[in-house]
>>> print(open('upload_2.txt').read())   # compact mmCIF, C-alpha atoms
# COMPACT_ATOMS: atom_id res chain seq x y z
CA MET K 25 62.02 -9.77 -21.06
CA ASN K 26 58.77 -9.02 -19.33
CA PRO K 27 56.24 -7.28 -21.54
CA ILE K 28 55.39 -3.72 -20.63
CA VAL K 29 51.93 -3.60 -19.10
CA ARG K 30 50.31 -0.27 -19.66
CA PRO K 31 47.61 0.72 -17.17
CA VAL K 32 44.13 0.87 -18.63
CA LYS K 33 42.75 4.36 -18.46
CA LYS K 34 39.44 4.37 -16.64
CA GLU K 35 36.57 6.19 -18.24
CA SER K 36 34.93 8.94 -16.30
CA PHE K 37 31.32 8.63 -15.23
CA LYS K 38 30.42 11.47 -17.57
CA THR K 39 31.89 9.60 -20.57
CA ARG K 40 30.16 6.34 -19.69
CA ALA K 41 26.85 8.12 -19.10
CA ALA K 42 27.08 9.93 -22.45
CA ARG K 43 27.83 6.69 -24.32
CA ASP K 44 24.98 4.89 -22.56
CA PHE K 45 22.60 7.73 -23.38
CA ARG K 46 23.54 7.59 -27.09
CA ARG K 47 23.09 3.83 -27.15
CA ASN K 48 19.71 3.85 -25.33
CA SER K 49 18.39 7.26 -26.30
CA MET K 50 14.88 5.99 -27.15
CA ILE K 51 14.55 4.22 -23.80
CA TYR K 52 15.53 7.40 -21.95
CA LEU K 53 13.04 9.33 -24.07
CA MET K 54 10.27 6.92 -23.05
CA LEU K 55 11.32 7.30 -19.42
CA LEU K 56 11.22 11.09 -19.54
CA PRO K 57 7.43 11.53 -18.93
CA VAL K 58 7.59 9.26 -15.86
CA VAL K 59 10.57 11.16 -14.44
CA ALA K 60 8.83 14.47 -15.15
CA PHE K 61 5.65 13.29 -13.40
CA TYR K 62 7.48 12.31 -10.21
CA ALA K 63 9.66 15.42 -10.31
CA VAL K 64 6.69 17.78 -10.62
CA PHE K 65 4.09 16.07 -8.45
CA HIS K 66 6.20 14.17 -5.87
CA TYR K 67 9.61 15.77 -5.41
CA GLY K 68 8.73 19.36 -6.30
CA PRO K 69 6.15 19.74 -3.49
CA LEU K 70 8.77 18.66 -0.93
CA TYR K 71 9.80 22.32 -0.89
CA GLY K 72 6.56 23.08 0.91
CA LEU K 73 7.29 20.68 3.77
CA GLN K 74 9.08 23.46 5.58
CA ILE K 75 5.73 24.91 6.60
CA ALA K 76 5.57 22.07 9.16
CA PHE K 77 8.24 24.04 11.05
CA LYS K 78 6.67 27.44 10.41
CA ASN K 79 3.53 29.34 11.31
CA PHE K 80 2.42 29.49 7.71
CA SER K 81 0.53 32.52 6.48
CA ALA K 82 -0.79 32.71 2.92
CA GLY K 83 -0.13 36.46 2.88
CA LEU K 84 3.55 36.05 3.82
CA GLY K 85 4.15 32.95 1.72
CA ILE K 86 6.18 29.87 2.54
CA TRP K 87 9.58 31.55 2.64
CA ASN K 88 8.64 34.58 4.75
CA SER K 89 6.43 32.81 7.29
CA PRO K 90 7.99 32.77 10.80
CA TRP K 91 9.75 29.67 12.09
CA VAL K 92 8.26 27.87 15.10
CA GLY K 93 10.48 24.78 15.15
CA PHE K 94 8.81 21.62 16.45
CA ASP K 95 5.85 23.39 18.06
CA HIS K 96 3.30 21.76 15.73
CA PHE K 97 4.72 18.30 16.35
CA ILE K 98 4.61 18.83 20.12
CA GLU K 99 1.04 20.10 19.84
CA PHE K 100 0.06 16.94 17.94
CA PHE K 101 1.82 14.59 20.37
CA ASN K 102 0.14 16.27 23.35
CA GLY K 103 -3.20 16.65 21.59
CA PHE K 104 -6.45 15.02 22.62
CA PHE K 105 -6.79 13.06 19.36
CA PHE K 106 -3.20 11.76 19.14
CA GLU K 107 -3.83 8.41 20.80
CA ARG K 108 -7.07 7.80 18.90
CA VAL K 109 -5.84 8.50 15.37
CA VAL K 110 -2.52 6.68 15.83
CA THR K 111 -4.20 3.64 17.40
CA ASN K 112 -6.84 3.44 14.66
CA THR K 113 -4.19 3.82 11.95
CA ILE K 114 -2.05 1.03 13.42
CA ILE K 115 -5.03 -1.31 13.87
CA LEU K 116 -6.27 -0.81 10.30
CA GLY K 117 -2.70 -1.21 9.04
CA LEU K 118 -2.40 -4.51 10.92
CA TYR K 119 -5.74 -5.65 9.50
CA ASP K 120 -4.37 -4.88 6.05
CA LEU K 121 -1.23 -6.97 6.62
CA ILE K 122 -3.02 -9.86 8.31
CA PHE K 123 -6.13 -10.17 6.14
CA VAL K 124 -5.89 -8.11 2.92
CA PHE K 125 -2.30 -8.88 1.91
CA PRO K 126 -2.48 -12.72 2.19
CA ALA K 127 -5.87 -12.87 0.43
CA SER K 128 -4.30 -12.39 -3.01
CA ILE K 129 -1.72 -15.08 -2.30
CA VAL K 130 -4.41 -17.55 -1.26
CA LEU K 131 -6.49 -16.80 -4.37
CA ALA K 132 -3.46 -17.24 -6.64
CA LEU K 133 -2.62 -20.60 -5.05
CA MET K 134 -6.23 -21.75 -5.40
CA LEU K 135 -6.48 -20.65 -9.04
CA ASN K 136 -3.20 -22.44 -9.78
CA GLU K 137 -4.82 -25.71 -8.71
CA VAL K 138 -7.84 -25.24 -11.02
CA ARG K 139 -7.55 -27.32 -14.19
CA ASN K 140 -10.72 -26.10 -15.93
CA ARG K 141 -9.49 -23.11 -17.95
CA MET K 142 -12.95 -21.67 -18.56
CA PHE K 143 -13.79 -21.70 -14.85
CA LYS K 144 -10.38 -20.27 -13.98
CA ARG K 145 -10.71 -17.36 -16.42
CA THR K 146 -14.25 -16.67 -15.23
CA VAL K 147 -13.13 -16.45 -11.61
CA GLN K 148 -10.21 -14.23 -12.58
CA SER K 149 -12.45 -11.85 -14.53
CA ILE K 150 -14.99 -11.62 -11.70
CA THR K 151 -12.35 -10.94 -9.06
CA TYR K 152 -10.53 -8.35 -11.25
CA ILE K 153 -13.61 -6.17 -11.84
CA PRO K 154 -13.88 -4.58 -8.34
CA HIS K 155 -10.41 -3.07 -8.74
CA PHE K 156 -11.71 -0.82 -11.52
CA ILE K 157 -14.77 0.39 -9.62
CA SER K 158 -14.53 3.92 -8.24
CA VAL K 159 -14.12 4.24 -4.48
CA VAL K 160 -17.19 6.47 -4.38
CA VAL K 161 -19.24 3.77 -6.11
CA VAL K 162 -17.88 1.07 -3.78
CA VAL K 163 -18.85 3.05 -0.69
CA GLY K 164 -22.25 3.77 -2.23
CA MET K 165 -22.75 0.04 -2.71
CA LEU K 166 -21.77 -0.58 0.91
CA VAL K 167 -24.25 2.02 2.12
CA ASP K 168 -27.04 0.49 0.03
CA PHE K 169 -26.34 -3.11 1.03
CA LEU K 170 -25.71 -2.36 4.72
CA SER K 171 -28.46 0.19 5.36
CA VAL K 172 -31.26 -0.67 7.77
CA ASP K 173 -33.54 -1.63 4.86
CA GLY K 174 -30.72 -2.98 2.69
CA LEU K 175 -30.17 -6.49 1.37
CA ILE K 176 -28.05 -7.68 4.32
CA ASN K 177 -30.57 -6.56 6.91
CA GLN K 178 -33.41 -8.05 4.87
CA LEU K 179 -31.61 -11.40 5.03
CA ILE K 180 -31.06 -10.96 8.78
CA ALA K 181 -34.75 -10.16 9.28
CA TYR K 182 -35.73 -13.15 7.12
CA PHE K 183 -33.90 -15.49 9.49
CA GLY K 184 -35.50 -13.87 12.52
CA GLY K 185 -32.81 -11.36 13.47
CA LYS K 186 -33.04 -7.65 14.15
CA PRO K 187 -31.77 -5.06 11.62
CA ILE K 188 -28.33 -3.63 12.36
CA SER K 189 -27.24 -0.11 11.44
CA PHE K 190 -23.80 -1.25 10.26
CA MET K 191 -22.55 2.09 8.94
CA ARG K 192 -23.38 3.92 12.19
CA LEU K 193 -21.84 1.47 14.65
CA PRO K 194 -18.13 2.06 15.47
CA GLU K 195 -17.53 -1.64 16.20
CA TRP K 196 -18.47 -2.59 12.62
CA PHE K 197 -16.32 -0.03 10.79
CA ARG K 198 -13.03 -1.96 10.77
CA THR K 199 -14.72 -5.16 9.61
CA ILE K 200 -16.52 -3.37 6.77
CA TYR K 201 -13.40 -1.46 5.71
CA THR K 202 -11.17 -4.55 5.70
CA SER K 203 -13.72 -6.82 4.01
CA SER K 204 -14.36 -4.31 1.23
CA ALA K 205 -10.59 -3.87 0.78
CA ILE K 206 -10.23 -7.63 0.28
CA TRP K 207 -13.09 -7.64 -2.24
CA GLN K 208 -11.56 -4.71 -4.14
CA GLY K 209 -7.98 -5.93 -4.33
CA ILE K 210 -7.91 -9.72 -4.09
CA GLY K 211 -8.20 -10.37 -7.83
CA TRP K 212 -5.90 -7.61 -9.02
CA GLY K 213 -3.29 -8.47 -6.40
CA SER K 214 -3.25 -12.13 -7.45
CA ILE K 215 -2.00 -11.30 -10.96
CA ILE K 216 1.64 -10.87 -9.96
CA TYR K 217 1.59 -14.09 -7.90
CA LEU K 218 0.11 -16.06 -10.79
CA ALA K 219 2.88 -14.65 -12.99
CA ALA K 220 5.48 -15.75 -10.44
CA ILE K 221 3.92 -19.25 -10.26
CA SER K 222 4.07 -19.56 -14.05
CA ASN K 223 7.86 -19.08 -13.89
CA ILE K 224 8.39 -22.11 -11.65
CA ASP K 225 10.13 -24.98 -13.46
CA PRO K 226 7.47 -27.65 -14.31
CA SER K 227 10.08 -30.39 -13.89
CA LEU K 228 10.00 -29.73 -10.14
CA TYR K 229 6.35 -30.78 -10.03
CA GLU K 230 7.07 -33.85 -12.14
CA ALA K 231 9.88 -34.88 -9.78
CA ALA K 232 7.59 -34.33 -6.79
CA LYS K 233 4.93 -36.58 -8.36
CA VAL K 234 7.49 -39.32 -8.87
CA ASP K 235 8.38 -39.04 -5.18
CA GLY K 236 4.71 -39.46 -4.28
CA ALA K 237 3.90 -35.86 -3.35
CA GLY K 238 0.25 -34.93 -3.69
CA ARG K 239 -1.18 -31.56 -4.78
CA TRP K 240 -1.10 -30.19 -1.24
CA LYS K 241 2.57 -31.07 -0.66
CA GLN K 242 3.50 -29.75 -4.09
CA MET K 243 1.95 -26.43 -3.18
CA LEU K 244 3.74 -26.31 0.19
CA MET K 245 7.12 -27.56 -1.02
CA ILE K 246 7.37 -26.09 -4.52
CA THR K 247 4.80 -23.37 -5.27
CA LEU K 248 5.09 -21.41 -2.04
CA PRO K 249 8.94 -21.41 -1.93
CA GLY K 250 8.94 -20.54 -5.64
CA ILE K 251 6.91 -17.36 -5.15
CA MET K 252 8.40 -16.45 -1.76
CA PRO K 253 10.86 -13.84 -3.16
CA THR K 254 7.94 -12.07 -4.81
CA VAL K 255 5.90 -12.29 -1.61
CA ILE K 256 8.76 -10.81 0.45
CA ILE K 257 9.32 -7.90 -1.95
CA LEU K 258 5.62 -7.02 -1.97
CA LEU K 259 5.48 -7.43 1.81
CA ILE K 260 8.35 -4.97 2.25
CA LEU K 261 6.55 -2.46 0.04
CA ARG K 262 3.31 -3.07 1.95
CA ILE K 263 5.04 -2.46 5.27
CA GLY K 264 6.51 0.73 3.81
CA SER K 265 2.96 2.01 3.31
CA PHE K 266 1.70 0.61 6.63
CA MET K 267 0.41 3.99 7.85
CA ALA K 268 -0.82 5.09 4.42
CA LEU K 269 -4.37 3.80 4.31
CA GLN K 270 -7.16 4.45 1.81
CA ASP K 271 -7.91 7.81 3.36
CA GLU K 272 -10.33 8.87 0.63
CA LYS K 273 -12.38 5.72 1.20
CA ILE K 274 -12.46 6.28 4.96
CA LEU K 275 -13.50 9.91 4.43
CA ILE K 276 -16.52 8.77 2.44
CA MET K 277 -17.37 5.89 4.79
CA TYR K 278 -17.04 7.43 8.22
CA ASN K 279 -19.16 9.92 10.14
CA PRO K 280 -18.88 11.59 13.57
CA VAL K 281 -20.60 8.59 15.17
CA THR K 282 -17.84 6.22 14.00
CA TYR K 283 -14.84 8.51 14.70
CA GLU K 284 -13.97 6.30 17.67
CA THR K 285 -12.70 3.52 15.40
CA ALA K 286 -12.61 5.19 11.96
CA ASP K 287 -10.64 8.38 12.50
CA VAL K 288 -7.05 7.86 11.27
CA ILE K 289 -4.08 10.13 10.69
CA GLY K 290 -5.02 10.77 7.05
CA THR K 291 -8.58 11.87 7.86
CA TYR K 292 -7.33 13.97 10.79
CA VAL K 293 -4.92 15.76 8.45
CA TYR K 294 -7.79 16.42 6.04
CA ARG K 295 -9.99 17.94 8.74
CA LYS K 296 -7.23 20.09 10.20
CA GLY K 297 -5.68 21.14 6.91
CA ILE K 298 -8.65 21.56 4.56
CA LEU K 299 -11.64 22.16 6.81
CA GLU K 300 -9.89 24.18 9.54
CA ALA K 301 -7.12 25.68 7.35
CA SER K 302 -4.40 24.70 9.86
CA TYR K 303 -1.87 24.15 7.09
CA SER K 304 1.29 24.07 9.19
CA PHE K 305 -0.17 21.74 11.80
CA SER K 306 -1.56 19.32 9.20
CA ALA K 307 1.78 19.36 7.34
CA ALA K 308 3.55 18.39 10.57
CA VAL K 309 1.12 15.52 11.18
CA GLY K 310 1.48 14.34 7.59
CA MET K 311 5.29 14.48 7.85
CA PHE K 312 5.17 12.42 11.04
CA ASN K 313 3.08 9.80 9.23
CA SER K 314 5.49 9.70 6.28
CA LEU K 315 8.53 9.39 8.55
CA ILE K 316 6.97 6.39 10.29
CA ASN K 317 6.40 4.74 6.90
CA PHE K 318 9.99 5.50 5.88
CA VAL K 319 11.41 3.96 9.07
CA LEU K 320 9.22 0.87 8.64
CA LEU K 321 10.40 0.46 5.03
CA ILE K 322 14.07 0.70 6.02
CA GLY K 323 13.54 -1.71 8.92
CA ALA K 324 11.61 -4.25 6.83
CA ASN K 325 14.27 -4.22 4.11
CA TYR K 326 17.06 -4.59 6.69
CA LEU K 327 15.38 -7.58 8.35
CA SER K 328 14.68 -9.19 4.99
CA LYS K 329 18.29 -8.70 3.91
CA ARG K 330 19.55 -10.18 7.17
CA PHE K 331 17.32 -13.27 7.35
CA THR K 332 16.63 -13.97 3.65
CA GLU K 333 18.34 -13.43 0.32
CA THR K 334 15.61 -11.07 -0.91
CA LYS K 335 15.82 -7.31 -0.53
CA LEU K 336 14.85 -4.09 -2.27
CA TRP K 337 18.38 -2.68 -2.22
>>> encode(input="upload_2.txt", output="structure tokens")
Amino acid sequence: MNPIVRPVKKESFKTRAARDFRRNSMIYLMLLPVVAFYAVFHYGPLYGLQIAFKNFSAGLGIWNSPWVGFDHFIEFFNGFFFERVVTNTIILGLYDLIFVFPASIVLALMLNEVRNRMFKRTVQSITYIPHFISVVVVVGMLVDFLSVDGLINQLIAYFGGKPISFMRLPEWFRTIYTSSAIWQGIGWGSIIYLAAISNIDPSLYEAAKVDGAGRWKQMLMITLPGIMPTVIILLILRIGSFMALQDEKILIMYNPVTYETADVIGTYVYRKGILEASYSFSAAVGMFNSLINFVLLIGANYLSKRFTETKLW
């Protein structure tokens, strides 16, 4: 006789969630402040995004302000500054991907080849420090070093050149912004790559040495492929914030003379929203910027999932 097979009763999601909560109650308790922070300061304010489709009036409030549909978006797209701020944002975003993002990878690969521990730790400490310096202080240092009578111009004059007003020339803004971004983030960004390198199996290097591979080939054939999943994940996240630049740094660095190359979407939103009190218009511009970032994130993750085995979701 065949034994009677009784169907296993599936637990409901509510039951499984309650059991998991009882088992990991302390972990959920530790997670609570983080969830509360994002709920209050990131998801809660999303309610106010509706003013991008309204003619917001502080007297009427968000809910009672009249709807205008996509008028603010159309005004931005047809505006005089649309091409300038979008172009500058894209160019600075490309500079970030091409120069700033790989800098940390290069530093991590170089530090991995250093065998003198004291020298390696010294370089790491020196390159980490700029990350903890306030943006205001960093820009102040740039102004002092790059002023007409600053250190850089003194060196230029010493070698027979003429002083250059770096901070007042539009053609120098992107170079200064990108170079300072590399200096600020190269050390801190290399930490995660060094951690990924430390997880590579040492026996792979030993096998490569037996096969006659030198340090350069070991880096190309073992180290780089070993950290590539980490690189791809961070690249996807970087692309997802492609249009989100260091707006506060640009606000401190730029001036009306350099608007031609320095004015980006974030600074334009600040001027329209805070200085001119055009809250609805600035909300529409900010939403447009966020939507572009969202589309880029989805697209980057899709391409990564299709052509590699690494993805965010």
>>> atom_distance(input="upload_2.txt", atom1="CA of Gln242 in chain K", atom2="CA of Ala219 in chain K")
17.5 Å
>>> atom_distance(input="upload_2.txt", atom1="CA of Met191 in chain K", atom2="CA of Ser171 in chain K")
7.2 Å
>>> residues_near_point(input="upload_2.txt", point="(-13.6, 5.6, 4.3)", cutoff="10 Å", atoms="all atoms listed in the file", output="PyMOL selection string")
chain K and resi 159-160+163+197-198+200-201+269-279+286-288+291
>>> atom_distance(input="upload_2.txt", atom1="CA of Val293 in chain K", atom2="CA of Ser306 in chain K")
5.0 Å
>>> residues_around(input="upload_2.txt", residues="Glu284 in chain K", least_positions_apart="6", cutoff="9 Å", atoms="only C-alpha atoms", output="JSON, numbers by chain")
{"K": [108, 109, 112, 194, 195]}
>>> write_last_selection(input="upload_2.txt", atoms="C-alpha atoms", output="tab-separated table (two decimals), in the frame of the given file")
chain	number	residue	atom	x	y	z
K	108	ARG	CA	-7.07	7.80	18.90
K	109	VAL	CA	-5.84	8.50	15.37
K	112	ASN	CA	-6.84	3.44	14.66
K	194	PRO	CA	-18.13	2.06	15.47
K	195	GLU	CA	-17.53	-1.64	16.20
>>> residues_around(input="upload_2.txt", residues="range 246-253 of chain K", least_positions_apart="6", cutoff="12 Å", atoms="only C-alpha atoms", output="count of residues only")
39
>>> closest_residue(input="upload_2.txt", among="K:Asn313, K:Asn79, K:Thr199, K:Thr146", to="Met267 in chain K", atoms="only C-alpha atoms")
K:Asn313
>>> closest_residue(input="upload_2.txt", among="K:Tyr182, K:Phe100, K:Phe80, K:Trp196", to="Gly310 in chain K", atoms="all atoms listed in the file")
K:Phe100
>>> closest_residue(input="upload_2.txt", among="K:Thr113, K:Asn140, K:Asn177, K:Ser304", to="Gly85 in chain K", atoms="all atoms listed in the file")
K:Ser304
>>> closest_residue(input="upload_2.txt", among="K:Ser89, K:Asn48, K:Ser149, K:Asn325", to="Gly72 in chain K", atoms="all atoms listed in the file")
K:Ser89
>>> closest_residue(input="upload_2.txt", among="K:Ala181, K:Ile176, K:Arg330, K:Phe305", to="Val92 in chain K", atoms="only C-alpha atoms")
K:Phe305
>>> closest_residue(input="upload_2.txt", among="K:Ile210, K:Ala41, K:Val309, K:Ala324", to="Ile150 in chain K", atoms="all atoms listed in the file")
K:Ile210
>>> decode(input="upload_2.txt", residues="range 169-183 of chain K", atoms="N, CA and C atoms", output="mmCIF file, in the first residue's frame")
data_model
loop_
_atom_site.group_PDB
_atom_site.id
_atom_site.type_symbol
_atom_site.label_atom_id
_atom_site.label_comp_id
_atom_site.auth_asym_id
_atom_site.auth_seq_id
_atom_site.Cartn_x
_atom_site.Cartn_y
_atom_site.Cartn_z
ATOM 1 N N PHE K 169 45.549 78.964 -2.565
ATOM 2 C CA PHE K 169 46.633 78.446 -3.404
ATOM 3 C C PHE K 169 46.564 78.970 -4.835
ATOM 4 N N LEU K 170 45.324 79.202 -5.331
ATOM 5 C CA LEU K 170 45.163 79.562 -6.741
ATOM 6 C C LEU K 170 44.919 81.047 -6.970
ATOM 7 N N SER K 171 44.983 81.849 -5.928
ATOM 8 C CA SER K 171 44.812 83.292 -6.100
ATOM 9 C C SER K 171 45.996 83.871 -6.878
ATOM 10 N N VAL K 172 45.849 85.110 -7.306
ATOM 11 C CA VAL K 172 46.887 85.734 -8.128
ATOM 12 C C VAL K 172 48.227 85.776 -7.397
ATOM 13 N N ASP K 173 48.194 85.984 -6.084
ATOM 14 C CA ASP K 173 49.431 86.007 -5.300
ATOM 15 C C ASP K 173 49.619 84.732 -4.475
ATOM 16 N N GLY K 174 48.934 83.670 -4.882
ATOM 17 C CA GLY K 174 49.025 82.401 -4.167
ATOM 18 C C GLY K 174 50.265 81.602 -4.535
ATOM 19 N N LEU K 175 50.380 80.432 -3.906
ATOM 20 C CA LEU K 175 51.574 79.595 -4.092
ATOM 21 C C LEU K 175 51.754 79.165 -5.545
ATOM 22 N N ILE K 176 50.673 78.747 -6.196
ATOM 23 C CA ILE K 176 50.780 78.259 -7.577
ATOM 24 C C ILE K 176 51.274 79.362 -8.508
ATOM 25 N N ASN K 177 50.702 80.541 -8.363
ATOM 26 C CA ASN K 177 51.126 81.648 -9.225
ATOM 27 C C ASN K 177 52.539 82.122 -8.886
ATOM 28 N N GLN K 178 52.934 81.989 -7.644
ATOM 29 C CA GLN K 178 54.313 82.329 -7.285
ATOM 30 C C GLN K 178 55.296 81.388 -7.981
ATOM 31 N N LEU K 179 54.926 80.097 -8.047
ATOM 32 C CA LEU K 179 55.770 79.139 -8.760
ATOM 33 C C LEU K 179 55.796 79.449 -10.262
ATOM 34 N N ILE K 180 54.633 79.813 -10.811
ATOM 35 C CA ILE K 180 54.575 80.167 -12.236
ATOM 36 C C ILE K 180 55.459 81.382 -12.515
ATOM 37 N N ALA K 181 55.360 82.393 -11.643
ATOM 38 C CA ALA K 181 56.179 83.602 -11.816
ATOM 39 C C ALA K 181 57.670 83.288 -11.655
ATOM 40 N N TYR K 182 57.988 82.350 -10.765
ATOM 41 C CA TYR K 182 59.393 81.985 -10.532
ATOM 42 C C TYR K 182 60.019 81.396 -11.791
ATOM 43 N N PHE K 183 59.227 80.654 -12.550
ATOM 44 C CA PHE K 183 59.737 80.044 -13.779
ATOM 45 C C PHE K 183 59.511 80.931 -15.000
#
